[in-house]
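Participant: Got a file for you: final.cif, mmCIF, C-alpha atoms and all ligand atoms.
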```
data_protein
#
loop_
_atom_site.group_PDB
_atom_site.id
_atom_site.type_symbol
_atom_site.label_atom_id
_atom_site.label_comp_id
_atom_site.auth_asym_id
_atom_site.auth_seq_id
_atom_site.Cartn_x
_atom_site.Cartn_y
_atom_site.Cartn_z
ATOM 1 C CA MET A 19 -3.093 -20.825 -4.464
ATOM 2 C CA PRO A 20 -0.569 -18.093 -5.265
ATOM 3 C CA VAL A 21 0.139 -17.557 -1.547
ATOM 4 C CA VAL A 22 0.086 -19.903 1.421
ATOM 5 C CA PHE A 23 -0.409 -18.999 5.055
ATOM 6 C CA VAL A 24 2.635 -19.825 7.190
ATOM 7 C CA ALA A 25 2.102 -18.644 10.780
ATOM 8 C CA ALA A 26 0.537 -15.935 12.936
ATOM 9 C CA SER A 27 1.737 -14.158 16.065
ATOM 10 C CA LYS A 28 1.097 -11.074 18.136
ATOM 11 C CA LEU A 29 2.858 -7.875 17.080
ATOM 12 C CA PRO A 30 2.891 -5.161 19.749
ATOM 13 C CA THR A 31 3.360 -1.670 18.263
ATOM 14 C CA PRO A 32 3.080 1.850 19.710
ATOM 15 C CA PHE A 33 -0.469 1.975 18.280
ATOM 16 C CA ALA A 34 -1.969 -1.415 19.168
ATOM 17 C CA THR A 35 -1.077 -5.063 19.532
ATOM 18 C CA PHE A 36 -1.879 -6.471 16.116
ATOM 19 C CA THR A 37 -2.065 -10.061 14.948
ATOM 20 C CA MET A 38 0.638 -10.585 12.314
ATOM 21 C CA SER A 39 -0.033 -13.280 9.724
ATOM 22 C CA GLY A 40 2.731 -14.388 7.379
ATOM 23 C CA PHE A 41 2.132 -15.571 3.832
ATOM 24 C CA LEU A 42 4.552 -17.051 1.305
ATOM 25 C CA GLU A 43 4.111 -16.370 -2.399
ATOM 26 C CA GLN A 44 5.254 -19.696 -3.766
ATOM 27 C CA GLU A 45 6.109 -18.653 -7.303
ATOM 28 C CA THR A 46 8.428 -15.791 -6.318
ATOM 29 C CA GLY A 47 9.431 -16.722 -2.773
ATOM 30 C CA ARG A 48 8.322 -13.282 -1.601
ATOM 31 C CA GLU A 49 7.105 -13.115 2.004
ATOM 32 C CA HIS A 50 4.107 -10.920 2.787
ATOM 33 C CA VAL A 51 2.505 -9.880 6.048
ATOM 34 C CA VAL A 52 -0.987 -8.922 7.164
ATOM 35 C CA LEU A 53 -1.533 -7.019 10.403
ATOM 36 C CA SER A 54 -5.065 -7.391 11.699
ATOM 37 C CA LEU A 55 -6.963 -6.090 14.685
ATOM 38 C CA GLY A 56 -10.374 -6.993 16.080
ATOM 39 C CA ASP A 57 -12.982 -9.248 14.494
ATOM 40 C CA VAL A 58 -12.452 -8.818 10.747
ATOM 41 C CA SER A 59 -14.449 -11.902 9.727
ATOM 42 C CA ASP A 60 -17.917 -10.771 10.832
ATOM 43 C CA GLY A 61 -18.923 -9.751 7.294
ATOM 44 C CA ALA A 62 -19.063 -5.974 7.847
ATOM 45 C CA PRO A 63 -16.686 -3.866 5.677
ATOM 46 C CA VAL A 64 -13.238 -3.705 7.254
ATOM 47 C CA LEU A 65 -11.040 -0.591 7.397
ATOM 48 C CA GLY A 66 -8.015 -1.643 5.384
ATOM 49 C CA ARG A 67 -4.803 -0.567 3.768
ATOM 50 C CA VAL A 68 -2.914 -2.368 1.004
ATOM 51 C CA HIS A 69 0.609 -1.061 1.462
ATOM 52 C CA SER A 70 3.453 -1.920 -0.886
ATOM 53 C CA GLU A 71 6.861 -2.144 0.724
ATOM 54 C CA CYS A 72 8.992 0.981 0.592
ATOM 55 C CA LEU A 73 12.172 0.302 2.529
ATOM 56 C CA THR A 74 13.357 3.887 2.266
ATOM 57 C CA GLY A 75 10.048 5.399 3.361
ATOM 58 C CA ASP A 76 8.791 2.759 5.799
ATOM 59 C CA ALA A 77 12.052 2.004 7.618
ATOM 60 C CA LEU A 78 14.595 4.719 6.769
ATOM 61 C CA PHE A 79 12.420 7.825 7.284
ATOM 62 C CA SER A 80 12.862 8.946 3.654
ATOM 63 C CA GLN A 81 11.070 12.127 2.802
ATOM 64 C CA ARG A 82 11.288 11.494 -0.952
ATOM 65 C CA CYS A 83 7.852 9.904 -0.717
ATOM 66 C CA ASP A 84 4.923 9.726 1.686
ATOM 67 C CA CYS A 85 4.928 5.949 2.301
ATOM 68 C CA GLY A 86 6.193 5.969 5.884
ATOM 69 C CA SER A 87 3.676 8.481 7.109
ATOM 70 C CA GLN A 88 0.876 6.752 5.191
ATOM 71 C CA LEU A 89 1.814 3.453 6.808
ATOM 72 C CA GLU A 90 1.811 5.056 10.248
ATOM 73 C CA ALA A 91 -1.478 6.897 9.597
ATOM 74 C CA ALA A 92 -3.117 3.654 8.446
ATOM 75 C CA MET A 93 -1.888 1.736 11.517
ATOM 76 C CA ARG A 94 -3.095 4.549 13.795
ATOM 77 C CA ALA A 95 -6.503 4.635 12.078
ATOM 78 C CA ILE A 96 -6.937 0.866 12.459
ATOM 79 C CA ALA A 97 -5.843 1.083 16.101
ATOM 80 C CA SER A 98 -8.247 3.911 16.895
ATOM 81 C CA GLU A 99 -11.113 1.989 15.303
ATOM 82 C CA GLY A 100 -10.053 -1.195 17.084
ATOM 83 C CA ARG A 101 -10.625 -3.173 13.902
ATOM 84 C CA GLY A 102 -8.955 -3.435 10.525
ATOM 85 C CA VAL A 103 -6.341 -5.021 8.287
ATOM 86 C CA LEU A 104 -3.060 -3.824 6.835
ATOM 87 C CA LEU A 105 -1.679 -5.877 3.956
ATOM 88 C CA TYR A 106 2.055 -5.274 3.701
ATOM 89 C CA LEU A 107 3.139 -6.421 0.258
ATOM 90 C CA ARG A 108 6.805 -6.937 -0.520
ATOM 91 C CA GLN A 109 6.810 -5.186 -3.871
ATOM 92 C CA GLU A 110 9.375 -2.470 -3.433
ATOM 93 C CA GLY A 111 9.410 0.677 -5.537
ATOM 94 C CA ARG A 112 6.049 0.099 -7.245
ATOM 95 C CA GLY A 113 7.285 -3.386 -8.113
ATOM 96 C CA ILE A 114 10.653 -2.525 -9.694
ATOM 97 C CA GLY A 115 12.789 -3.522 -6.701
ATOM 98 C CA LEU A 116 15.087 -1.591 -4.389
ATOM 99 C CA MET A 117 18.156 -1.328 -6.651
ATOM 100 C CA ASN A 118 16.050 -0.062 -9.539
ATOM 101 C CA LYS A 119 14.356 2.385 -7.199
ATOM 102 C CA ILE A 120 17.768 3.805 -6.301
ATOM 103 C CA ARG A 121 18.575 4.019 -10.031
ATOM 104 C CA ALA A 122 15.288 5.875 -10.530
ATOM 105 C CA TYR A 123 16.116 8.239 -7.645
ATOM 106 C CA GLU A 124 19.467 8.890 -9.303
ATOM 107 C CA LEU A 125 17.661 9.923 -12.490
ATOM 108 C CA GLN A 126 15.310 12.060 -10.420
ATOM 109 C CA ASP A 127 18.288 13.769 -8.776
ATOM 110 C CA GLY A 128 19.193 14.688 -12.358
ATOM 111 C CA GLY A 129 15.795 16.243 -13.015
ATOM 112 C CA ALA A 130 13.424 13.467 -14.150
ATOM 113 C CA ASP A 131 10.094 12.977 -12.397
ATOM 114 C CA THR A 132 9.091 9.642 -10.838
ATOM 115 C CA VAL A 133 7.108 8.443 -13.869
ATOM 116 C CA GLU A 134 9.742 9.535 -16.428
ATOM 117 C CA ALA A 135 12.496 7.889 -14.376
ATOM 118 C CA ASN A 136 10.690 4.521 -14.274
ATOM 119 C CA GLU A 137 9.956 4.703 -17.979
ATOM 120 C CA ARG A 138 13.563 5.597 -18.815
ATOM 121 C CA LEU A 139 14.616 2.445 -16.932
ATOM 122 C CA GLY A 140 12.195 0.419 -19.052
ATOM 123 C CA PHE A 141 9.494 -0.080 -16.441
ATOM 124 C CA ALA A 142 5.823 0.820 -16.558
ATOM 125 C CA ALA A 143 4.972 3.666 -14.190
ATOM 126 C CA ASP A 144 3.356 1.180 -11.821
ATOM 127 C CA GLN A 145 4.234 -2.525 -11.892
ATOM 128 C CA ARG A 146 2.417 -3.495 -8.710
ATOM 129 C CA ASP A 147 0.395 -6.683 -8.724
ATOM 130 C CA TYR A 148 -2.470 -7.135 -6.295
ATOM 131 C CA ALA A 149 -3.427 -10.721 -7.200
ATOM 132 C CA ILE A 150 -2.018 -11.993 -3.908
ATOM 133 C CA CYS A 151 -4.421 -9.874 -1.840
ATOM 134 C CA LEU A 152 -7.544 -11.952 -2.362
ATOM 135 C CA PRO A 153 -6.280 -15.233 -0.860
ATOM 136 C CA MET A 154 -4.790 -13.307 2.081
ATOM 137 C CA LEU A 155 -8.113 -11.558 2.754
ATOM 138 C CA GLU A 156 -10.007 -14.822 2.311
ATOM 139 C CA HIS A 157 -7.750 -16.505 4.850
ATOM 140 C CA LEU A 158 -8.688 -13.791 7.375
ATOM 141 C CA GLY A 159 -12.381 -13.963 6.473
ATOM 142 C CA VAL A 160 -12.522 -10.354 5.233
ATOM 143 C CA LYS A 161 -15.506 -9.900 2.898
ATOM 144 C CA SER A 162 -15.095 -6.248 1.899
ATOM 145 C CA LEU A 163 -12.817 -3.285 2.562
ATOM 146 C CA ARG A 164 -13.141 0.356 3.419
ATOM 147 C CA LEU A 165 -9.888 1.008 1.631
ATOM 148 C CA MET A 166 -7.514 3.708 2.861
ATOM 149 C CA THR A 167 -5.888 5.088 -0.296
ATOM 150 C CA ASN A 168 -5.620 8.199 -2.409
ATOM 151 C CA ASN A 169 -5.252 6.084 -5.533
ATOM 152 C CA PRO A 170 -8.447 5.317 -7.485
ATOM 153 C CA ARG A 171 -6.404 2.946 -9.704
ATOM 154 C CA LYS A 172 -5.674 0.814 -6.658
ATOM 155 C CA VAL A 173 -9.411 0.584 -5.959
ATOM 156 C CA LYS A 174 -9.961 -0.528 -9.542
ATOM 157 C CA ALA A 175 -7.054 -2.981 -9.461
ATOM 158 C CA LEU A 176 -8.426 -4.601 -6.324
ATOM 159 C CA THR A 177 -12.037 -4.741 -7.503
ATOM 160 C CA ASP A 178 -10.780 -6.248 -10.797
ATOM 161 C CA MET A 179 -9.175 -8.996 -8.670
ATOM 162 C CA GLY A 180 -12.557 -9.763 -7.081
ATOM 163 C CA ILE A 181 -12.016 -7.840 -3.845
ATOM 164 C CA ALA A 182 -15.089 -5.893 -2.708
ATOM 165 C CA VAL A 183 -14.302 -2.269 -1.860
ATOM 166 C CA ALA A 184 -17.264 -0.688 -0.066
ATOM 167 C CA GLU A 185 -15.670 2.744 0.280
ATOM 168 C CA ARG A 186 -12.468 4.651 -0.441
ATOM 169 C CA VAL A 187 -11.155 6.425 2.655
ATOM 170 C CA PRO A 188 -8.610 9.162 1.790
ATOM 171 C CA LEU A 189 -5.287 9.349 3.615
ATOM 172 C CA HIS A 190 -3.894 12.860 3.745
ATOM 173 C CA THR A 191 -0.572 12.956 5.481
ATOM 174 C CA GLY A 192 3.121 13.081 4.913
ATOM 175 C CA GLN A 193 3.519 16.110 2.685
ATOM 176 C CA ASN A 194 6.897 17.796 3.073
ATOM 177 C CA PRO A 195 9.128 20.110 0.982
ATOM 178 C CA HIS A 196 11.144 17.158 -0.422
ATOM 179 C CA ASN A 197 8.213 15.175 -1.790
ATOM 180 C CA LYS A 198 6.126 18.058 -3.091
ATOM 181 C CA LEU A 199 7.068 17.306 -6.725
ATOM 182 C CA TYR A 200 6.653 13.546 -6.218
ATOM 183 C CA LEU A 201 3.148 13.998 -4.806
ATOM 184 C CA ALA A 202 2.245 16.466 -7.563
ATOM 185 C CA THR A 203 3.410 13.908 -10.159
ATOM 186 C CA LYS A 204 1.350 11.167 -8.525
ATOM 187 C CA ALA A 205 -1.671 13.475 -8.635
ATOM 188 C CA GLY A 206 -1.055 14.645 -12.210
ATOM 189 C CA LYS A 207 0.239 11.513 -13.931
ATOM 190 C CA LEU A 208 -1.021 8.621 -11.837
ATOM 191 C CA GLY A 209 -4.450 9.954 -10.926
ATOM 192 C CA HIS A 210 -4.015 10.132 -7.164
ATOM 193 C CA MET A 211 -6.560 12.254 -5.333
ATOM 194 C CA MET A 212 -4.844 14.785 -3.108
ATOM 195 C CA GLY A 213 -7.772 17.064 -2.267
ATOM 196 C CA ASN A 214 -10.050 16.751 0.705
ATOM 197 C CA GLU A 215 -12.617 14.559 -1.015
ATOM 198 C CA HIS A 216 -14.227 12.060 1.289
ATOM 199 C CA GLN A 217 -17.055 10.157 -0.267
ATOM 200 C CA SER A 218 -17.894 6.646 -1.290
ATOM 201 C CA GLU A 219 -16.654 6.368 -4.860
ATOM 202 C CA VAL A 220 -17.198 2.688 -5.374
ATOM 203 C CA ASP A 221 -20.454 0.835 -5.136
ATOM 204 C CA PRO A 222 -20.523 -1.974 -2.608
ATOM 205 C CA ALA A 223 -19.767 -5.044 -4.675
HETATM 206 ZN ZN ZN A 301 7.934 5.326 -0.618
#
```
Using the file provided, produce a representation of the structure as structure tokens.

Facilitator:
Amino acid sequence: MPVVFVAASKLPTPFATFTMSGFLEQETGREHVVLSLGDVSDGAPVLGRVHSECLTGDALFSQRCDCGSQLEAAMRAIASEGRGVLLYLRQEGRGIGLMNKIRAYELQDGGADTVEANERLGFAADQRDYAICLPMLEHLGVKSLRLMTNNPRKVKALTDMGIAVAERVPLHTGQNPHNKLYLATKAGKLGHMMGNEHQSEVDPA
């Protein structure tokens, strides 16, 4: 097992009181968290978000990206449905780490876009790894996801890992004057869907 379950507790938030389950990735020592709400093990597709850590966006209110508002929108959506899971993966800066993210921001301050900056630092545009998701979902008894994301590549990455995605649910939030270029780059270079599309794009697997 790449990750082991450690403990679970309640986590009261402004949106709902979630159950927080902690998992340890043994190879790297990274600590991941799943917030869950309601009965997610009944077999029906579960509203879910796979969110990669973004310290600047999630905790420091950065407007360079849309992570913080996407995290909040996902937690609100799960709360209003009364059922869902949020996987919070500790892979900062699309997997390059916080210091390298700051280096990339420095290059972006000098005019590079987010993809060019990562490549100039010697990283692929997206180094995230979703292999840890499956054992976490299995632990919680989740059989398939209605995945909240604008990123069709994430849907593919997860289905390639054996995770059933019944539907992609778009998340449209968090656009501001500072991240306009960043979001346009994600749409243009990384294939994110920023329109108002809302349809099932993946067959139930
Ligand atoms: Zn971010």

Participant: Rank nothing, just name the residue among A:Val103, A:Ala142, A:Val51, A:Leu116 nearest to ligand ZN 301 (chain A), using only C-alpha atoms and all ligand atoms.

Facilitator: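 Of A:Val103, A:Ala142, A:Val51, A:Leu116, the one nearest ligand ZN 301 (chain A), counting only C-alpha atoms and all ligand atoms, is A:Leu116.
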
Participant: Let me make sure I understand: among A:Ile150, A:Leu65, A:Leu105, A:Cys83, which one has the smallest atom-to-atom distance to Asn194 (chain A) if we use only C-alpha atoms?

Facilitator: A:Cys83

Participant: For Gly100 (chain A), which residue among A:Leu125, A:Leu189, A:Ala34, A:Ile181 is the nearest when counting all atoms listed in the file?

Facilitator: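 Among A:Leu125, A:Leu189, A:Ala34, A:Ile181, it is A:Ala34 that comes nearest to Gly100 (chain A).
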
Participant: Please provide the set of residues having any atom within 8 Å of Leu104 (chain A), restricted to only C-alpha atoms, with same-chain residues fewer than 5 positions apart removed, written as a list of chain:residue names.

Facilitator: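 Listed by chain and then number, they are A:Val52, A:Leu53, A:Ser54, A:Gly66, A:Arg67, A:Val68, A:His69, A:Ala92, A:Met93.
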
Participant: Residues near region 128-132 of chain A, anyone? I mean within 9 Å using only C-alpha atoms, not counting same-chain ones fewer than 3 positions away, as a PyMOL selection string.

Facilitator: chain A and resi 122-125+135-137+143+199-200+203-204

Participant: Report the closest atom pair, with its distance in Å rounded to one decimal, for each residue of chain A that has an atom no farther than 10 Å from ligand ZN 301 (chain A); count all atoms listed in the file, sort by chain and then rising residue number, and write it as a Markdown table.

Facilitator:
```
| residue | atom | partner | partner_atom | distance |
| --- | --- | --- | --- | --- |
| A:His69 | CA | A:ZN301 | ZN | 9.9 |
| A:Ser70 | CA | A:ZN301 | ZN | 8.5 |
| A:Glu71 | CA | A:ZN301 | ZN | 7.7 |
| A:Cys72 | CA | A:ZN301 | ZN | 4.6 |
| A:Leu73 | CA | A:ZN301 | ZN | 7.3 |
| A:Thr74 | CA | A:ZN301 | ZN | 6.3 |
| A:Gly75 | CA | A:ZN301 | ZN | 4.5 |
| A:Asp76 | CA | A:ZN301 | ZN | 7.0 |
| A:Ala77 | CA | A:ZN301 | ZN | 9.8 |
| A:Leu78 | CA | A:ZN301 | ZN | 10.0 |
| A:Phe79 | CA | A:ZN301 | ZN | 9.4 |
| A:Ser80 | CA | A:ZN301 | ZN | 7.5 |
| A:Gln81 | CA | A:ZN301 | ZN | 8.2 |
| A:Arg82 | CA | A:ZN301 | ZN | 7.0 |
| A:Cys83 | CA | A:ZN301 | ZN | 4.6 |
| A:Asp84 | CA | A:ZN301 | ZN | 5.8 |
| A:Cys85 | CA | A:ZN301 | ZN | 4.2 |
| A:Gly86 | CA | A:ZN301 | ZN | 6.8 |
| A:Ser87 | CA | A:ZN301 | ZN | 9.4 |
| A:Gln88 | CA | A:ZN301 | ZN | 9.3 |
| A:Leu89 | CA | A:ZN301 | ZN | 9.8 |
| A:Glu110 | CA | A:ZN301 | ZN | 8.4 |
| A:Gly111 | CA | A:ZN301 | ZN | 6.9 |
| A:Arg112 | CA | A:ZN301 | ZN | 8.6 |
| A:Lys119 | CA | A:ZN301 | ZN | 9.7 |
| A:Asn197 | CA | A:ZN301 | ZN | 9.9 |
```

Participant: Counting all atoms listed in the file, what is within 10 Å of Asp57 (chain A), bar same-chain residues fewer than 6 positions away, as an MDAnalysis selection string?

Facilitator: chainID A and resid 64 100:102 158:160

Participant: Which of these residues is nearest to Ala182 (chain A), using only C-alpha atoms: A:Pro63, A:Pro32, A:Gly206, A:Gly40?

Facilitator: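 Smallest separation from Ala182 (chain A) among the options: A:Pro63.
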
Participant: Could you tell me, as a ChimeraX atom specification, exactly which residues end up selected when the PyMOL selection byres (((chain A and resi 209) around 9) and not hetatm) is applied to this structure?

Facilitator: /A:168-171,203-208,210-211

Participant: Taking the file as I've supplied it (selection: the PyMOL selection byres (((chain A and resi 48) around 12) and not hetatm)), which residues are included? Please answer as a list of chain:residue names.

Facilitator: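 Taken on the displayed file, the PyMOL selection byres (((chain A and resi 48) around 12) and not hetatm) yields the residues A:Pro20, A:Val21, A:Val22, A:Gly40, A:Phe41, A:Leu42, A:Glu43, A:Gln44, A:Glu45, A:Thr46, A:Gly47, A:Glu49, A:His50, A:Val51, A:Glu71, A:Tyr106, A:Leu107, A:Arg108, A:Gln109, A:Glu110, A:Gly113, A:Gly115, A:Ile150.
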